[in-house]
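Data block for model_38.cif (mmCIF, C-alpha atoms):
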data_run
#
loop_
_atom_site.group_PDB
_atom_site.id
_atom_site.type_symbol
_atom_site.label_atom_id
_atom_site.label_comp_id
_atom_site.auth_asym_id
_atom_site.auth_seq_id
_atom_site.Cartn_x
_atom_site.Cartn_y
_atom_site.Cartn_z
ATOM 1 C CA MET A 4 -30.694 -54.927 -5.311
ATOM 2 C CA SER A 5 -33.958 -54.578 -7.171
ATOM 3 C CA VAL A 6 -36.180 -51.563 -6.746
ATOM 4 C CA PHE A 7 -39.206 -53.743 -7.363
ATOM 5 C CA SER A 8 -40.883 -55.502 -4.469
ATOM 6 C CA SER A 9 -42.085 -59.071 -4.655
ATOM 7 C CA ALA A 10 -45.705 -57.977 -5.051
ATOM 8 C CA PRO A 11 -46.697 -57.663 -8.719
ATOM 9 C CA GLY A 12 -47.315 -54.098 -9.856
ATOM 10 C CA HIS A 13 -45.730 -52.460 -6.791
ATOM 11 C CA VAL A 14 -42.561 -50.436 -6.837
ATOM 12 C CA LYS A 15 -40.358 -50.273 -3.777
ATOM 13 C CA LEU A 16 -38.935 -46.773 -3.489
ATOM 14 C CA PRO A 17 -35.567 -46.331 -1.769
ATOM 15 C CA HIS A 18 -36.672 -43.194 0.111
ATOM 16 C CA THR A 19 -40.053 -41.512 0.124
ATOM 17 C CA ARG A 20 -40.977 -38.076 1.381
ATOM 18 C CA ILE A 21 -44.218 -37.372 3.127
ATOM 19 C CA ILE A 22 -45.351 -33.767 2.913
ATOM 20 C CA PHE A 23 -48.064 -32.561 5.261
ATOM 21 C CA ILE A 24 -50.402 -29.955 3.845
ATOM 22 C CA ASN A 25 -50.668 -26.729 5.800
ATOM 23 C CA ARG A 26 -48.749 -27.809 8.890
ATOM 24 C CA THR A 27 -45.195 -28.163 10.182
ATOM 25 C CA GLN A 28 -43.142 -30.780 8.365
ATOM 26 C CA ASP A 29 -41.397 -33.649 10.177
ATOM 27 C CA GLU A 30 -38.487 -33.422 7.733
ATOM 28 C CA LYS A 31 -36.303 -30.318 7.404
ATOM 29 C CA PHE A 32 -36.540 -28.630 3.992
ATOM 30 C CA LYS A 33 -34.585 -25.718 2.572
ATOM 31 C CA ASP A 34 -36.265 -22.355 3.015
ATOM 32 C CA ASN A 35 -37.887 -20.502 0.129
ATOM 33 C CA SER A 36 -35.552 -17.496 -0.016
ATOM 34 C CA ILE A 37 -33.625 -17.043 -3.240
ATOM 35 C CA SER A 38 -30.074 -15.832 -3.613
ATOM 36 C CA THR A 39 -28.572 -15.165 -7.029
ATOM 37 C CA GLY A 40 -25.595 -13.162 -5.765
ATOM 38 C CA LYS A 41 -22.157 -14.575 -6.509
ATOM 39 C CA TYR A 42 -20.268 -13.079 -3.599
ATOM 40 C CA THR A 43 -20.411 -12.362 0.116
ATOM 41 C CA VAL A 44 -18.182 -9.895 1.945
ATOM 42 C CA ILE A 45 -15.894 -12.750 2.991
ATOM 43 C CA SER A 46 -15.831 -14.638 -0.314
ATOM 44 C CA PHE A 47 -15.382 -11.700 -2.699
ATOM 45 C CA VAL A 48 -11.564 -11.518 -2.868
ATOM 46 C CA PRO A 49 -10.864 -15.265 -3.261
ATOM 47 C CA LYS A 50 -13.687 -15.869 -5.749
ATOM 48 C CA PHE A 51 -12.899 -12.741 -7.760
ATOM 49 C CA LEU A 52 -9.184 -13.567 -8.003
ATOM 50 C CA PHE A 53 -9.954 -17.176 -8.903
ATOM 51 C CA GLU A 54 -12.275 -16.059 -11.716
ATOM 52 C CA GLN A 55 -9.796 -13.506 -13.028
ATOM 53 C CA PHE A 56 -6.807 -15.832 -13.031
ATOM 54 C CA ARG A 57 -8.687 -18.575 -14.833
ATOM 55 C CA LYS A 58 -8.127 -16.399 -17.887
ATOM 56 C CA TYR A 59 -4.769 -17.057 -19.520
ATOM 57 C CA ALA A 60 -4.302 -13.405 -20.523
ATOM 58 C CA ASN A 61 -4.436 -12.309 -16.883
ATOM 59 C CA ILE A 62 -1.924 -14.978 -15.869
ATOM 60 C CA PHE A 63 0.365 -13.832 -18.688
ATOM 61 C CA PHE A 64 0.241 -10.147 -17.707
ATOM 62 C CA LEU A 65 0.746 -10.969 -14.022
ATOM 63 C CA THR A 66 3.796 -13.099 -14.871
ATOM 64 C CA ILE A 67 5.280 -10.399 -17.117
ATOM 65 C CA GLY A 68 4.576 -7.741 -14.494
ATOM 66 C CA LEU A 69 6.296 -9.803 -11.800
ATOM 67 C CA LEU A 70 9.289 -10.550 -14.038
ATOM 68 C CA GLN A 71 9.672 -6.839 -14.722
ATOM 69 C CA GLN A 72 10.170 -6.276 -10.996
ATOM 70 C CA ILE A 73 13.506 -8.135 -11.130
ATOM 71 C CA PRO A 74 16.305 -5.649 -11.995
ATOM 72 C CA GLY A 75 18.325 -6.614 -15.059
ATOM 73 C CA ILE A 76 15.642 -8.778 -16.723
ATOM 74 C CA SER A 77 13.375 -6.105 -18.174
ATOM 75 C CA PRO A 78 14.582 -3.396 -20.571
ATOM 76 C CA THR A 79 11.456 -1.328 -19.713
ATOM 77 C CA GLY A 80 10.395 0.288 -16.453
ATOM 78 C CA ARG A 81 9.372 -1.801 -13.473
ATOM 79 C CA TYR A 82 5.744 -0.697 -13.459
ATOM 80 C CA VAL A 83 4.957 -0.486 -17.190
ATOM 81 C CA THR A 84 2.875 -3.664 -17.230
ATOM 82 C CA LEU A 85 1.946 -4.172 -13.589
ATOM 83 C CA VAL A 86 0.246 -0.819 -12.870
ATOM 84 C CA PRO A 87 -2.130 -0.887 -15.891
ATOM 85 C CA PHE A 88 -2.909 -4.537 -15.135
ATOM 86 C CA LEU A 89 -3.773 -3.744 -11.495
ATOM 87 C CA VAL A 90 -5.894 -0.770 -12.578
ATOM 88 C CA ILE A 91 -7.859 -3.014 -14.943
ATOM 89 C CA LEU A 92 -8.324 -5.595 -12.161
ATOM 90 C CA ALA A 93 -9.541 -2.847 -9.799
ATOM 91 C CA VAL A 94 -12.055 -1.526 -12.354
ATOM 92 C CA THR A 95 -13.276 -5.076 -12.997
ATOM 93 C CA ALA A 96 -13.624 -5.654 -9.243
ATOM 94 C CA ILE A 97 -15.699 -2.475 -8.843
ATOM 95 C CA LYS A 98 -17.927 -3.556 -11.750
ATOM 96 C CA GLU A 99 -18.424 -6.995 -10.145
ATOM 97 C CA ILE A 100 -19.270 -5.416 -6.779
ATOM 98 C CA VAL A 101 -21.885 -3.128 -8.357
ATOM 99 C CA GLU A 102 -23.472 -5.991 -10.347
ATOM 100 C CA ASP A 103 -23.541 -8.293 -7.335
ATOM 101 C CA PHE A 104 -25.040 -5.554 -5.149
ATOM 102 C CA LYS A 105 -27.828 -5.135 -7.715
ATOM 103 C CA ARG A 106 -28.440 -8.902 -7.648
ATOM 104 C CA HIS A 107 -28.684 -8.850 -3.839
ATOM 105 C CA LEU A 108 -31.156 -5.930 -3.964
ATOM 106 C CA GLU A 109 -33.324 -7.756 -6.527
ATOM 107 C CA ASP A 110 -33.222 -10.931 -4.405
ATOM 108 C CA ARG A 111 -34.321 -8.976 -1.337
ATOM 109 C CA LYS A 112 -37.164 -7.385 -3.316
ATOM 110 C CA ILE A 113 -38.436 -10.793 -4.475
ATOM 111 C CA ASN A 114 -37.950 -12.471 -1.083
ATOM 112 C CA ASP A 115 -39.841 -9.676 0.690
ATOM 113 C CA SER A 116 -42.749 -9.536 -1.789
ATOM 114 C CA GLU A 117 -46.019 -10.507 -0.169
ATOM 115 C CA VAL A 118 -48.319 -13.442 -0.764
ATOM 116 C CA GLN A 119 -51.390 -14.747 1.026
ATOM 117 C CA ALA A 120 -50.880 -18.073 2.784
ATOM 118 C CA TYR A 121 -53.584 -20.098 4.489
ATOM 119 C CA ARG A 122 -52.499 -20.384 8.109
ATOM 120 C CA ASN A 123 -54.309 -20.713 11.441
ATOM 121 C CA GLY A 124 -57.708 -21.056 9.752
ATOM 122 C CA GLY A 125 -57.467 -17.943 7.578
ATOM 123 C CA TRP A 126 -55.513 -16.119 4.903
ATOM 124 C CA GLU A 127 -52.461 -14.268 6.229
ATOM 125 C CA LYS A 128 -50.058 -11.997 4.374
ATOM 126 C CA THR A 129 -46.498 -13.276 4.489
ATOM 127 C CA SER A 130 -43.356 -12.790 2.465
ATOM 128 C CA TRP A 131 -42.218 -15.346 -0.109
ATOM 129 C CA LYS A 132 -39.130 -16.173 1.921
ATOM 130 C CA HIS A 133 -41.392 -17.412 4.741
ATOM 131 C CA VAL A 134 -43.445 -19.743 2.528
ATOM 132 C CA CYS A 135 -42.718 -23.329 3.590
ATOM 133 C CA VAL A 136 -43.156 -26.743 2.005
ATOM 134 C CA GLY A 137 -46.819 -27.744 2.330
ATOM 135 C CA ASP A 138 -48.182 -24.195 2.619
ATOM 136 C CA ILE A 139 -51.321 -23.327 0.697
ATOM 137 C CA VAL A 140 -50.858 -19.971 -1.042
ATOM 138 C CA MET A 141 -53.217 -17.800 -3.071
ATOM 139 C CA VAL A 142 -51.702 -16.553 -6.319
ATOM 140 C CA LYS A 143 -53.841 -13.929 -7.993
ATOM 141 C CA SER A 144 -54.095 -13.283 -11.719
ATOM 142 C CA ASP A 145 -50.873 -12.028 -13.366
ATOM 143 C CA MET A 146 -48.995 -12.321 -10.064
ATOM 144 C CA PHE A 147 -45.337 -13.359 -10.108
ATOM 145 C CA PHE A 148 -44.463 -16.282 -7.853
ATOM 146 C CA PRO A 149 -40.854 -17.326 -7.171
ATOM 147 C CA ALA A 150 -41.597 -20.822 -5.925
ATOM 148 C CA ASP A 151 -42.527 -24.280 -7.119
ATOM 149 C CA LEU A 152 -46.258 -24.650 -6.661
ATOM 150 C CA VAL A 153 -48.840 -27.333 -7.266
ATOM 151 C CA LEU A 154 -52.033 -25.852 -8.709
ATOM 152 C CA LEU A 155 -54.996 -26.943 -6.594
ATOM 153 C CA ALA A 156 -57.669 -24.738 -8.176
ATOM 154 C CA SER A 157 -57.939 -21.947 -10.720
ATOM 155 C CA SER A 158 -60.560 -19.303 -11.441
ATOM 156 C CA HIS A 159 -59.648 -19.291 -15.158
ATOM 157 C CA GLU A 160 -61.446 -21.282 -17.822
ATOM 158 C CA GLU A 161 -60.359 -24.905 -18.074
ATOM 159 C CA SER A 162 -58.345 -24.440 -14.831
ATOM 160 C CA GLN A 163 -55.422 -22.800 -16.631
ATOM 161 C CA CYS A 164 -52.911 -20.693 -14.791
#
Once you've parsed the file, please lay out its structure as structure tokens.
Amino acid sequence: MSVFSSAPGHVKLPHTRIIFINRTQDEKFKDNSISTGKYTVISFVPKFLFEQFRKYANIFFLTIGLLQQIPGISPTGRYVTLVPFLVILAVTAIKEIVEDFKRHLEDRKINDSEVQAYRNGGWEKTSWKHVCVGDIVMVKSDMFFPADLVLLASSHEESQC
């Protein structure tokens, strides 16, 4: 099937999106909140264990530690390998929890930062997570904006942003 229509110079697009400026969209779009965290409370244990046991060294030490639990196979004590390995996994898990918590705090800070959006005939303060597709927002000089924007006007020379 050709993407070109029969009319010369026209391109037939398989699916087009129509975005309405400054009003509710007919099509559902993803919200503007960001999330860089790796884990949730429910997904932490499975994801953490999956990441740790993708490393061959961890699989090796787990296998050795489990083999040492069988009497008569290991000449050393039963817990010589397994206890240090589990301690290292626990320390790594605590480190991952702390790092992920920091990511969630940073995400919340960015999502809750304020911006001015043109709504209901005037400029209203709203948080970035409530900015929707088609909203007109005012970004002031040197202001951070965590969204894809189309520049409509600029107060800088040569309309730079």
CA of Ser144 (chain A) and CA of Ile113 (chain A), how far apart in Å?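 So the answer is 17.4 Å.
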Hits from the PyMOL selection byres ((chain A and resi 126) around 12), listed as a list of chain:residue names: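 Output of the PyMOL selection byres ((chain A and resi 126) around 12): A:Asn25, A:Val118, A:Gln119, A:Ala120, A:Tyr121, A:Arg122, A:Asn123, A:Gly124, A:Gly125, A:Glu127, A:Lys128, A:Thr129, A:Asp138, A:Ile139, A:Val140, A:Met141, A:Val142.
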Just want the 10 Å neighbourhood of region 90-98 of chain A, counted on all atoms listed in the file, with same-chain residues fewer than 3 positions away dropped. Output as a list in words.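 The neighbour list is Phe47, Val48, Phe51, Leu52, Gln55, Asn61, Leu85, Val86, Pro87, Val101, Glu102, Asp103 and Phe104 of chain A.
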On this structure, the PyMOL selection byres ((chain A and resi 32-43) around 9) would catch which residues? List them as a JSON list (two decimals) with C-alpha atoms, keeping the file's coordinate frame, sorted by chain and number.
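Written out: expr-v4.json:
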[["chain", "number", "residue", "atom", "x", "y", "z"],
["A", 28, "GLN", "CA", -43.14, -30.78, 8.36],
["A", 30, "GLU", "CA", -38.49, -33.42, 7.73],
["A", 31, "LYS", "CA", -36.30, -30.32, 7.40],
["A", 44, "VAL", "CA", -18.18, -9.90, 1.94],
["A", 45, "ILE", "CA", -15.89, -12.75, 2.99],
["A", 46, "SER", "CA", -15.83, -14.64, -0.31],
["A", 47, "PHE", "CA", -15.38, -11.70, -2.70],
["A", 48, "VAL", "CA", -11.56, -11.52, -2.87],
["A", 50, "LYS", "CA", -13.69, -15.87, -5.75],
["A", 51, "PHE", "CA", -12.90, -12.74, -7.76],
["A", 100, "ILE", "CA", -19.27, -5.42, -6.78],
["A", 102, "GLU", "CA", -23.47, -5.99, -10.35],
["A", 103, "ASP", "CA", -23.54, -8.29, -7.34],
["A", 104, "PHE", "CA", -25.04, -5.55, -5.15],
["A", 105, "LYS", "CA", -27.83, -5.14, -7.72],
["A", 106, "ARG", "CA", -28.44, -8.90, -7.65],
["A", 107, "HIS", "CA", -28.68, -8.85, -3.84],
["A", 109, "GLU", "CA", -33.32, -7.76, -6.53],
["A", 110, "ASP", "CA", -33.22, -10.93, -4.40],
["A", 111, "ARG", "CA", -34.32, -8.98, -1.34],
["A", 113, "ILE", "CA", -38.44, -10.79, -4.47],
["A", 114, "ASN", "CA", -37.95, -12.47, -1.08],
["A", 115, "ASP", "CA", -39.84, -9.68, 0.69],
["A", 131, "TRP", "CA", -42.22, -15.35, -0.11],
["A", 132, "LYS", "CA", -39.13, -16.17, 1.92],
["A", 133, "HIS", "CA", -41.39, -17.41, 4.74],
["A", 134, "VAL", "CA", -43.44, -19.74, 2.53],
["A", 135, "CYS", "CA", -42.72, -23.33, 3.59],
["A", 136, "VAL", "CA", -43.16, -26.74, 2.00],
["A", 149, "PRO", "CA", -40.85, -17.33, -7.17],
["A", 150, "ALA", "CA", -41.60, -20.82, -5.92]]
What does the distance between CA of Thr66 (chain A) and CA of Phe88 (chain A) come to in Å, to one decimal place? 10.9 Å
Using CA of Glu54 (chain A) and CA of Gln72 (chain A) as the two end points, give the distance in Å to one decimal.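 For CA of Glu54 (chain A) relative to CA of Gln72 (chain A), the distance reads 24.5 Å.
Residues selected in this file by the PyMOL selection byres ((chain A and resi 82) around 12) comprise Phe64, Leu65, Ile67, Gly68, Leu69, Leu70, Gln71, Gln72, Ile73, Pro74, Ser77, Pro78, Thr79, Gly80, Arg81, Val83, Thr84, Leu85, Val86, Pro87, Phe88, Leu89 and Val90 of chain A.
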Go ahead and save the picked residues with C-alpha atoms, as a PDB file, in the coordinates of the input.
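The resulting file, out16.pdb, is reproduced below:
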ATOM      1  CA  PHE A  64       0.241 -10.147 -17.707  1.00  0.00           C
ATOM      2  CA  LEU A  65       0.746 -10.969 -14.022  1.00  0.00           C
ATOM      3  CA  ILE A  67       5.280 -10.399 -17.117  1.00  0.00           C
ATOM      4  CA  GLY A  68       4.576  -7.741 -14.494  1.00  0.00           C
ATOM      5  CA  LEU A  69       6.296  -9.803 -11.800  1.00  0.00           C
ATOM      6  CA  LEU A  70       9.289 -10.550 -14.038  1.00  0.00           C
ATOM      7  CA  GLN A  71       9.672  -6.839 -14.722  1.00  0.00           C
ATOM      8  CA  GLN A  72      10.170  -6.276 -10.996  1.00  0.00           C
ATOM      9  CA  ILE A  73      13.506  -8.135 -11.130  1.00  0.00           C
ATOM     10  CA  PRO A  74      16.305  -5.649 -11.995  1.00  0.00           C
ATOM     11  CA  SER A  77      13.375  -6.105 -18.174  1.00  0.00           C
ATOM     12  CA  PRO A  78      14.582  -3.396 -20.571  1.00  0.00           C
ATOM     13  CA  THR A  79      11.456  -1.328 -19.713  1.00  0.00           C
ATOM     14  CA  GLY A  80      10.395   0.288 -16.453  1.00  0.00           C
ATOM     15  CA  ARG A  81       9.372  -1.801 -13.473  1.00  0.00           C
ATOM     16  CA  VAL A  83       4.957  -0.486 -17.190  1.00  0.00           C
ATOM     17  CA  THR A  84       2.875  -3.664 -17.230  1.00  0.00           C
ATOM     18  CA  LEU A  85       1.946  -4.172 -13.589  1.00  0.00           C
ATOM     19  CA  VAL A  86       0.246  -0.819 -12.870  1.00  0.00           C
ATOM     20  CA  PRO A  87      -2.130  -0.887 -15.891  1.00  0.00           C
ATOM     21  CA  PHE A  88      -2.909  -4.537 -15.135  1.00  0.00           C
ATOM     22  CA  LEU A  89      -3.773  -3.744 -11.495  1.00  0.00           C
ATOM     23  CA  VAL A  90      -5.894  -0.770 -12.578  1.00  0.00           C
TER      24      VAL A  90
END
Using the file's own x, y and z axes, so that the box edges lie along x, y and z, what centre and edge lengths in Å (one decimal) does a box around every listed atom of region 83-99 of chain A get when 4 Å is added on each side? Give it as JSON.
{"center_x": -6.7, "center_y": -3.7, "center_z": -13.0, "size_x": 31.4, "size_y": 14.5, "size_z": 16.4}
